[in-house]
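Undergrad: Sharing upload03.txt (compact mmCIF, C-alpha atoms and all ligand atoms) below.
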# COMPACT_ATOMS: atom_id res chain seq x y z
CA MET P 1 -95.06 21.27 89.82
CA LYS P 2 -97.50 22.68 87.25
CA SER P 3 -99.22 25.96 87.99
CA ILE P 4 -102.69 27.28 87.20
CA VAL P 5 -104.32 30.69 86.98
CA ILE P 6 -108.03 30.73 87.84
CA LEU P 7 -110.41 33.22 86.19
CA ILE P 8 -113.59 34.15 88.06
CA SER P 9 -116.45 36.63 87.86
CA GLY P 10 -118.38 35.96 91.05
CA ARG P 11 -118.66 34.03 94.27
CA GLY P 12 -115.83 31.60 93.50
CA SER P 13 -116.96 28.36 95.07
CA ASN P 14 -115.34 26.28 92.33
CA MET P 15 -112.23 28.42 92.74
CA ALA P 16 -112.25 27.72 96.49
CA SER P 17 -112.45 23.96 95.90
CA LEU P 18 -109.43 24.20 93.59
CA ILE P 19 -107.46 26.26 96.11
CA ASP P 20 -108.34 23.76 98.86
CA ALA P 21 -107.26 20.84 96.69
CA ALA P 22 -103.97 22.61 95.93
CA ALA P 23 -103.43 23.22 99.65
CA ASP P 24 -104.03 19.61 100.68
CA GLY P 25 -101.84 18.31 97.83
CA SER P 26 -104.58 16.48 95.94
CA LEU P 27 -104.59 18.93 92.99
CA ARG P 28 -100.89 18.24 92.28
CA ALA P 29 -100.71 21.85 91.05
CA ARG P 30 -100.06 25.27 92.46
CA VAL P 31 -102.57 28.12 92.18
CA ALA P 32 -100.39 30.99 90.93
CA ALA P 33 -103.14 33.62 90.89
CA VAL P 34 -106.85 34.37 90.71
CA ILE P 35 -108.00 36.98 88.20
CA SER P 36 -111.48 38.52 88.11
CA ASN P 37 -113.14 40.69 85.47
CA ARG P 38 -115.36 42.13 88.23
CA PRO P 39 -113.70 44.25 90.93
CA ARG P 40 -116.30 43.24 93.52
CA ALA P 41 -116.34 39.50 92.88
CA PRO P 42 -116.66 37.87 96.33
CA GLY P 43 -114.19 35.18 95.23
CA LEU P 44 -111.36 37.74 95.26
CA GLU P 45 -111.55 38.09 99.04
CA ILE P 46 -111.70 34.34 99.53
CA ALA P 47 -108.58 33.89 97.40
CA ALA P 48 -106.68 36.69 99.11
CA GLY P 49 -107.67 35.26 102.51
CA ARG P 50 -106.02 32.01 101.49
CA GLY P 51 -102.81 33.75 100.44
CA ILE P 52 -103.33 33.59 96.67
CA PRO P 53 -102.27 36.63 94.60
CA THR P 54 -105.30 38.32 93.01
CA ARG P 55 -105.70 40.68 90.07
CA VAL P 56 -108.64 42.53 88.53
CA VAL P 57 -108.95 43.13 84.80
CA ASP P 58 -112.21 45.05 84.68
CA HIS P 59 -113.98 44.55 81.35
CA ALA P 60 -115.88 47.81 81.89
CA ARG P 61 -112.62 49.75 81.74
CA HIS P 62 -111.70 48.52 78.27
CA PRO P 63 -113.20 49.98 75.10
CA ASP P 64 -113.79 46.65 73.33
CA ARG P 65 -113.29 42.91 73.59
CA GLU P 66 -109.90 42.98 71.86
CA ALA P 67 -108.53 45.45 74.41
CA PHE P 68 -109.98 43.48 77.30
CA ASP P 69 -108.64 40.17 75.96
CA ALA P 70 -105.17 41.71 75.50
CA ALA P 71 -105.12 43.06 79.06
CA LEU P 72 -106.37 39.74 80.43
CA ALA P 73 -103.71 37.78 78.52
CA GLU P 74 -101.03 40.10 79.84
CA ALA P 75 -102.23 39.59 83.42
CA ILE P 76 -102.34 35.81 82.96
CA ASP P 77 -98.97 35.53 81.22
CA ALA P 78 -97.28 37.45 84.05
CA PHE P 79 -97.72 34.22 86.05
CA SER P 80 -96.67 31.85 83.21
CA PRO P 81 -99.28 29.24 84.10
CA ASP P 82 -99.42 25.79 82.53
CA LEU P 83 -103.22 25.86 82.59
CA VAL P 84 -105.89 28.57 82.62
CA VAL P 85 -108.96 27.49 84.58
CA LEU P 86 -112.29 29.26 84.02
CA ALA P 87 -114.37 28.94 87.18
CA GLY P 88 -117.59 30.87 86.83
CA PHE P 89 -115.91 33.33 84.45
CA MET P 90 -118.82 34.97 82.67
CA ARG P 91 -117.22 36.87 79.75
CA ILE P 92 -117.12 35.66 76.19
CA LEU P 93 -113.52 35.42 75.03
CA GLY P 94 -112.38 36.29 71.49
CA ASP P 95 -111.03 33.71 69.05
CA GLY P 96 -107.47 35.08 69.29
CA PHE P 97 -107.51 34.74 73.07
CA VAL P 98 -108.87 31.19 72.88
CA ALA P 99 -106.23 30.23 70.28
CA ARG P 100 -103.46 31.60 72.50
CA TYR P 101 -104.39 29.10 75.23
CA ALA P 102 -105.44 26.22 72.98
CA GLY P 103 -105.14 22.92 74.80
CA ARG P 104 -104.35 24.66 78.08
CA MET P 105 -107.61 26.37 79.04
CA MET P 106 -110.54 24.57 80.70
CA ASN P 107 -114.06 25.57 81.69
CA ILE P 108 -116.75 24.10 83.89
CA HIS P 109 -120.33 24.43 82.75
CA PRO P 110 -123.46 23.65 84.80
CA SER P 111 -125.13 21.22 82.40
CA LEU P 112 -124.44 17.97 80.61
CA LEU P 113 -123.10 19.51 77.40
CA PRO P 114 -123.99 19.67 74.59
CA ALA P 115 -127.38 20.14 76.29
CA PHE P 116 -128.08 23.63 77.63
CA PRO P 117 -125.10 25.78 76.64
CA GLY P 118 -125.33 29.43 77.74
CA LEU P 119 -127.11 30.86 80.76
CA ASP P 120 -129.90 29.73 83.09
CA THR P 121 -129.14 26.06 82.61
CA HIS P 122 -131.01 24.78 85.68
CA ARG P 123 -134.24 26.62 84.91
CA ARG P 124 -134.08 25.45 81.29
CA ALA P 125 -133.44 21.82 82.30
CA LEU P 126 -136.49 21.96 84.58
CA GLY P 127 -138.53 23.60 81.82
CA GLU P 128 -137.67 20.77 79.41
CA GLY P 129 -138.60 18.15 81.98
CA ALA P 130 -135.07 16.70 82.04
CA ARG P 131 -134.75 13.79 84.47
CA ILE P 132 -130.96 13.91 84.55
CA HIS P 133 -128.83 17.04 84.73
CA GLY P 134 -125.26 17.75 85.72
CA CYS P 135 -121.99 19.49 84.89
CA THR P 136 -119.23 19.26 82.32
CA VAL P 137 -115.53 20.10 82.32
CA HIS P 138 -114.26 20.81 78.82
CA PHE P 139 -111.35 22.38 76.98
CA VAL P 140 -112.22 25.82 75.68
CA THR P 141 -112.62 26.32 71.93
CA PRO P 142 -114.04 29.37 70.10
CA ALA P 143 -117.65 28.09 70.16
CA LEU P 144 -119.36 29.03 73.42
CA ASP P 145 -119.71 26.14 75.90
CA ARG P 146 -118.42 23.70 73.31
CA GLY P 147 -115.05 22.06 73.14
CA PRO P 148 -113.67 18.59 73.87
CA ILE P 149 -115.27 17.11 76.98
CA VAL P 150 -112.93 16.01 79.77
CA ALA P 151 -115.36 14.79 82.43
CA GLN P 152 -119.03 14.91 83.39
CA ALA P 153 -121.08 14.28 86.51
CA ALA P 154 -124.81 13.63 86.46
CA VAL P 155 -127.44 14.17 89.12
CA PRO P 156 -131.13 13.26 89.16
CA VAL P 157 -133.81 15.91 88.77
CA LEU P 158 -136.18 15.27 91.67
CA ASP P 159 -139.89 15.99 91.97
CA GLY P 160 -140.29 19.33 93.69
CA ASP P 161 -136.93 20.69 92.50
CA ASP P 162 -136.66 24.35 91.70
CA ALA P 163 -133.71 26.01 89.97
CA ASP P 164 -131.99 26.66 93.31
CA SER P 165 -132.24 23.13 94.68
CA LEU P 166 -131.09 21.71 91.34
CA ALA P 167 -128.20 24.20 91.14
CA ALA P 168 -127.07 23.20 94.64
CA ARG P 169 -127.10 19.50 93.72
CA VAL P 170 -125.08 20.18 90.56
CA LEU P 171 -122.64 22.48 92.38
CA GLU P 172 -121.82 19.74 94.84
CA GLN P 173 -120.66 17.67 91.86
CA GLU P 174 -118.84 20.61 90.22
CA ARG P 175 -116.71 21.00 93.32
CA ARG P 176 -115.73 17.35 93.14
CA LEU P 177 -115.25 17.12 89.36
CA TYR P 178 -113.14 20.21 88.60
CA PRO P 179 -110.24 19.43 90.96
CA LEU P 180 -110.16 15.90 89.51
CA ALA P 181 -109.92 17.17 85.92
CA VAL P 182 -107.24 19.72 86.80
CA ARG P 183 -105.32 17.05 88.65
CA TRP P 184 -105.32 14.83 85.54
CA PHE P 185 -103.90 17.73 83.52
CA ALA P 186 -101.30 18.50 86.19
CA GLU P 187 -100.20 14.86 86.23
CA GLY P 188 -99.80 14.84 82.45
CA ARG P 189 -102.59 12.28 82.05
CA LEU P 190 -104.84 14.56 80.05
CA ARG P 191 -104.02 16.09 76.68
CA LEU P 192 -105.69 17.37 73.56
CA VAL P 193 -104.68 15.33 70.52
CA ASP P 194 -106.08 16.48 67.18
CA GLY P 195 -108.90 18.24 68.96
CA ARG P 196 -109.91 15.20 71.03
CA VAL P 197 -109.32 14.45 74.68
CA ALA P 198 -106.71 11.81 75.42
CA LEU P 199 -107.11 10.69 79.00
CA ASP P 200 -104.98 8.21 80.85
CA ALA P 201 -107.21 7.86 83.91
CA GLU P 202 -109.97 5.76 85.34
CA GLN P 203 -112.68 6.03 82.71
CA ASP P 204 -115.46 5.65 85.27
CA ALA P 205 -114.15 8.68 87.13
CA ALA P 206 -114.49 10.77 83.96
CA ALA P 207 -118.17 9.90 83.70
CA SER P 208 -119.74 9.82 87.11
CA LEU P 209 -123.39 8.86 86.81
CA ILE P 210 -125.63 9.83 89.69
CA SER P 211 -123.50 10.24 92.76
CA PRO P 212 -124.12 7.80 95.64
CA ARG P 213 -125.20 10.61 97.95
CA THR P 214 -127.92 11.88 95.64
CA ARG P 215 -129.10 8.32 95.04
CA GLU P 216 -129.63 7.89 98.78
CA ARG P 217 -131.92 10.90 98.86
CA ARG P 218 -134.36 9.56 96.28
C1 LIG C 301 -120.87 27.48 88.39
O1 LIG C 301 -122.07 26.78 88.50
C2 LIG C 301 -120.28 27.30 87.00
O2 LIG C 301 -120.49 26.03 86.48
C3 LIG C 301 -121.01 28.35 86.22
O3 LIG C 301 -121.10 29.45 87.07
C4 LIG C 301 -121.13 29.00 88.43
C5 LIG C 301 -120.04 29.73 89.17
O4 LIG C 301 -120.11 29.46 90.54
N1 LIG C 301 -120.34 28.65 84.99
C6 LIG C 301 -120.97 28.95 83.85
O5 LIG C 301 -122.18 29.05 83.77
C7 LIG C 301 -120.08 29.16 82.65
N2 LIG C 301 -120.80 29.06 81.44
P1 LIG C 301 -118.84 29.75 91.45
O6 LIG C 301 -118.41 31.19 91.17
O7 LIG C 301 -119.38 29.60 92.85
O8 LIG C 301 -117.79 28.75 91.12
Would you put the structure from the file into structure tokens?

TA:
Amino acid sequence: MKSIVILISGRGSNMASLIDAAADGSLRARVAAVISNRPRAPGLEIAAGRGIPTRVVDHARHPDREAFDAALAEAIDAFSPDLVVLAGFMRILGDGFVARYAGRMMNIHPSLLPAFPGLDTHRRALGEGARIHGCTVHFVTPALDRGPIVAQAAVPVLDGDDADSLAARVLEQERRLYPLAVRWFAEGRLRLVDGRVALDAEQDAAASLISPRTRERR
């Protein structure tokens, strides 16, 4: 069975959905470890409580990005994972680090990329008057929040939404989408070929437009 290492920086709700999917067998992969760059990330306790080994590689204790990236790679490689899964990991990674895990590192981002890379995506989507928003799972390449797209889920932006209500609607989809994308990788149905995603899976599952539950609420 393939194994994954999950990188987090904070509360770890995406991480928890991946751990749950591994536990019930639907992820088809084992979570070898959870690594945080923040010693107090709440996700660390959640992972430990579910019996997953945890490590901290504190960026503040390394003099520069190269040193941090080297320590992080060492911590990851100790578990020899097939896939590195960024789940709310909020550090920019150097090109050398990204190249080391080319084709075997994924990220989830809270927008429909290439719209709204970077931070504060929900507030910015509201500010632009977007009517549809969502989340994207993509392979990691050196450009921030870029890289070949694996799957996306869209949600409506509703009248009266604020950044919190919109974030909650998107997060519900993130927690559904990420385990699905990791499962495809674990099953060998998802690969990077010449920098493009090759996916042997239900195409409609890779692009989920407006979930039935959110449609009901309109
Ligand atoms: C998620 O919304 C994730 O998409 C986002 O951080 C949140 C982490 O929540 N990631 C990024 O913005 C990366 N650019 P979580 O810790 O509860 O999973």

Undergrad: Please extract the residues at most 7 Å from ligand LIG 301 (chain C), counting all atoms listed in the file, and provide them as a VMD selection string, using the chain letters and residue numbers of this document.

TA: chain P and resid 8 to 15 87 to 90 108 to 110 118 to 119 135 145 171 174

Undergrad: Select, counting all atoms listed in the file, all protein, DNA and RNA residues no farther than 8 Å from (-100.9, 23.3, 91.5) in file coordinates, and express the selection as a VMD selection string.

TA: chain P and resid 1 to 4 22 27 to 32 186

Undergrad: List as a PyMOL selection string the protein and nucleic acid residues near Glu66 of chain P, meaning an atom at most 8 Å away when all atoms listed in the file are counted, but skip any in the same chain fewer than 3 places from it.

TA: chain P and resi 69-70+94

Undergrad: To one decimal place, how far is atom CA of Arg191 of chain P from atom CA of Ala16 of chain P in Å?

TA: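 Going from atom CA of Arg191 of chain P over to atom CA of Ala16 of chain P, I get 24.4 Å.
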
Undergrad: Check the smallest atom-to-atom distance from each of P:Leu7, P:Ile19, P:Leu158, P:Arg196 to Ala41 of chain P using only C-alpha atoms, then report the winner.

TA: P:Leu7

Undergrad: Kindly indicate which residue among P:Val5, P:Val84, P:Met105, P:Ala21 lies nearest to Leu180 of chain P, using only C-alpha atoms for the distances.

TA: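 Residue with the minimum atom-to-atom distance to Leu180 of chain P: P:Ala21.
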
Undergrad: What is the distance, in Å and to one decimal place, between atom CA of Pro114 of chain P and atom CA of Glu128 of chain P?

TA: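 The value is 14.5 Å.
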
Undergrad: Quick one: distance from atom CA of Val140 of chain P to atom CA of Asn107 of chain P in Å, one decimal?

TA: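 Straight-line distance from atom CA of Val140 of chain P to atom CA of Asn107 of chain P works out to 6.3 Å.
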
Undergrad: Measuring between all atoms listed in the file, which one of P:Leu72, P:Ser17, P:Thr54, P:Leu199 shows the shortest distance to Arg91 of chain P?

TA: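 The shortest atom-to-atom distance to Arg91 of chain P comes from P:Leu72.
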
Undergrad: For a quick check of understanding, using all atoms listed in the file, which of P:Leu44, P:Arg100, P:Val155, P:His138 has the smallest distance to Phe185 of chain P?

TA: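 Of all the options, P:His138 lies closest to Phe185 of chain P.
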
Undergrad: Choose the residue, out of P:Gly129, P:Pro142, P:Gly43, P:Gly49, that has the smallest atom-to-atom separation from Asp95 of chain P; count all atoms listed in the file.

TA: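 For Asp95 of chain P, the nearest of the given residues is P:Pro142.
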